[in-house]
file query.csv (CSV, C-alpha atoms and all ligand atoms)
chain,number,residue,atom,x,y,z
A,29,MET,CA,0.0,0.0,0.0
A,30,SER,CA,1.3,3.4,-0.9
A,31,ARG,CA,1.2,6.5,1.3
A,32,PRO,CA,1.5,10.2,0.5
A,33,LYS,CA,5.0,11.6,1.0
A,34,HIS,CA,5.1,14.1,3.8
A,35,PRO,CA,6.0,17.6,2.7
A,36,ASN,CA,8.5,18.1,5.5
A,37,LYS,CA,11.7,16.3,5.0
A,38,HIS,CA,12.5,15.8,8.8
A,39,ILE,CA,9.1,14.3,9.3
A,40,GLU,CA,9.3,12.2,6.2
A,41,GLU,CA,12.6,10.8,7.5
A,42,SER,CA,10.9,10.0,10.8
A,43,ILE,CA,8.0,8.3,9.0
A,44,GLN,CA,10.5,6.2,7.1
A,45,TYR,CA,12.1,5.3,10.4
A,46,ALA,CA,8.8,4.2,11.8
A,47,GLU,CA,8.0,2.1,8.7
A,48,GLU,CA,11.4,0.4,9.1
A,49,HIS,CA,10.1,-0.6,12.5
A,50,GLY,CA,6.8,-2.0,11.1
A,51,TRP,CA,4.6,1.0,11.6
A,52,ARG,CA,1.9,1.7,9.0
A,53,TYR,CA,0.3,4.7,7.6
A,54,LYS,CA,-3.4,5.2,8.1
A,55,LYS,CA,-5.4,7.9,6.3
A,56,THR,CA,-7.4,10.3,8.4
A,57,GLY,CA,-10.2,12.1,6.7
A,58,LYS,CA,-11.6,14.5,9.3
A,59,SER,CA,-8.9,17.1,9.9
A,60,ALA,CA,-7.3,19.2,7.1
A,61,HIS,CA,-4.3,19.7,9.4
A,62,ALA,CA,-3.6,16.0,9.9
A,63,TRP,CA,-1.5,14.2,7.4
A,64,GLY,CA,-2.5,10.9,8.8
A,65,ARG,CA,-1.8,8.5,11.5
A,66,LEU,CA,1.0,6.0,12.1
A,67,LEU,CA,0.0,2.7,13.7
A,68,CYS,CA,2.5,0.3,15.3
A,69,VAL,CA,2.8,-3.3,14.3
A,70,LEU,CA,-0.2,-4.3,16.3
A,71,SER,CA,-2.5,-1.9,14.4
A,72,ASN,CA,-5.4,-2.5,16.7
A,73,ARG,CA,-6.8,-0.9,19.8
A,74,SER,CA,-4.1,-2.1,22.1
A,75,GLY,CA,-1.4,-1.0,19.8
A,76,CYS,CA,0.3,2.4,19.6
A,77,SER,CA,-0.8,5.1,17.3
A,78,MET,CA,0.3,8.7,16.6
A,79,SER,CA,-1.3,11.6,14.7
A,80,ILE,CA,1.0,13.2,12.1
A,81,TRP,CA,0.4,16.8,11.3
A,82,SER,CA,0.9,18.3,7.8
A,83,THR,CA,2.3,21.6,9.0
A,84,PRO,CA,3.3,21.5,12.7
A,85,ARG,CA,4.6,24.7,14.2
A,86,ASN,CA,7.9,23.0,15.0
A,87,PRO,CA,8.5,20.2,12.3
A,88,LEU,CA,11.8,19.1,13.9
A,89,ASN,CA,10.2,18.7,17.2
A,90,HIS,CA,7.3,16.7,15.7
A,91,ALA,CA,9.8,14.5,13.8
A,92,ASN,CA,11.5,13.8,17.2
A,93,GLN,CA,8.2,12.9,18.8
A,94,ILE,CA,7.6,10.3,16.1
A,95,ILE,CA,11.1,8.7,16.7
A,96,ARG,CA,10.4,8.7,20.5
A,97,LYS,CA,7.0,7.1,20.0
A,98,VAL,CA,8.5,4.4,17.8
A,99,ASN,CA,11.3,3.7,20.3
A,100,GLN,CA,8.8,3.5,23.2
A,101,CYS,CA,6.7,0.9,21.4
A,102,ILE,CA,7.0,-2.4,23.2
A,103,HIS,CA,5.2,-4.5,20.6
A,104,ASP,CA,7.6,-6.5,18.4
A,105,GLY,CA,5.3,-7.5,15.5
A,106,ASP,CA,4.6,-11.0,16.8
A,107,ASP,CA,0.9,-10.5,16.3
A,108,ASP,CA,-0.2,-13.7,14.6
A,109,GLU,CA,-1.5,-15.6,17.5
A,201,ZN,ZN,3.2,-0.5,19.9
call {"tool": "encode", "arguments": {"input": "query.csv", "output": "structure tokens"}}
result
Amino acid sequence: MSRPKHPNKHIEESIQYAEEHGWRYKKTGKSAHAWGRLLCVLSNRSGCSMSIWSTPRNPLNHANQIIRKVNQCIHDGDDDE
């Protein structure tokens, strides 16, 4: 599945980092300011998720938040029970 490229390069790099760790893009329709959501490997209610903004006030800070969230995730992708 393809996802739109994020307009900010710092955030795009963080999203790629997340994807390398098994996170997936999910489209969000409601807000014009939201680029979408990232869901961790679980991709269900008990998994982690994070809203990604299109134009955050501080893109570098937002990019760092994404990295932190990915690193905090304790789920390892072993979700086929
Ligand atoms: Zn997680």
call {"tool": "residues_around", "arguments": {"input": "query.csv", "residues": "A:His38", "least_positions_apart": "3", "cutoff": "7 Å", "atoms": "all atoms listed in the file", "output": "list in words"}}
result
Glu41, Ser42, Pro87, Leu88 and Ala91 of chain A
call {"tool": "closest_residue", "arguments": {"input": "query.csv", "among": "A:Trp63, A:Arg52, A:Gln93, A:Pro84", "to": "ligand ZN 201 (chain A)", "atoms": "all atoms listed in the file"}}
result
A:Arg52
call {"tool": "residues_around", "arguments": {"input": "query.csv", "residues": "stretch 65-76 of chain A", "least_positions_apart": "5", "cutoff": "7 Å", "atoms": "only C-alpha atoms", "output": "number ranges by chain"}}
result
A: 50-56, 101, 103, 105, 107
call {"tool": "write_last_selection", "arguments": {"input": "query.csv", "atoms": "C-alpha atoms", "output": "PDB file, in the frame of the given file"}}
result
ATOM      1  CA  GLY A  50       6.800  -2.000  11.100  1.00  0.00           C
ATOM      2  CA  TRP A  51       4.600   1.000  11.600  1.00  0.00           C
ATOM      3  CA  ARG A  52       1.900   1.700   9.000  1.00  0.00           C
ATOM      4  CA  TYR A  53       0.300   4.700   7.600  1.00  0.00           C
ATOM      5  CA  LYS A  54      -3.400   5.200   8.100  1.00  0.00           C
ATOM      6  CA  LYS A  55      -5.400   7.900   6.300  1.00  0.00           C
ATOM      7  CA  THR A  56      -7.400  10.300   8.400  1.00  0.00           C
ATOM      8  CA  CYS A 101       6.700   0.900  21.400  1.00  0.00           C
ATOM      9  CA  HIS A 103       5.200  -4.500  20.600  1.00  0.00           C
ATOM     10  CA  GLY A 105       5.300  -7.500  15.500  1.00  0.00           C
ATOM     11  CA  ASP A 107       0.900 -10.500  16.300  1.00  0.00           C
TER      12      ASP A 107
END
call {"tool": "closest_residue", "arguments": {"input": "query.csv", "among": "A:Thr83, A:Glu47, A:His90, A:Ser77", "to": "ligand ZN 201 (chain A)", "atoms": "all atoms listed in the file"}}
result
A:Ser77
call {"tool": "closest_residue", "arguments": {"input": "query.csv", "among": "A:Gly57, A:Ser82, A:Ala46, A:Asn92", "to": "ligand ZN 201 (chain A)", "atoms": "all atoms listed in the file"}}
result
A:Ala46
call {"tool": "atom_distance", "arguments": {"input": "query.csv", "atom1": "atom CA of A:Ser79", "atom2": "atom CA of A:Ile39"}}
result
12.0 Å
call {"tool": "atom_distance", "arguments": {"input": "query.csv", "atom1": "atom CA of A:His49", "atom2": "atom CA of A:Val98"}}
result
7.5 Å
call {"tool": "atom_distance", "arguments": {"input": "query.csv", "atom1": "atom CA of A:Gly64", "atom2": "atom CA of A:Asp104"}}
result
22.3 Å
call {"tool": "closest_residue", "arguments": {"input": "query.csv", "among": "A:Met78, A:Asn86, A:Pro32, A:Ile43", "to": "ligand ZN 201 (chain A)", "atoms": "all atoms listed in the file"}}
result
A:Met78
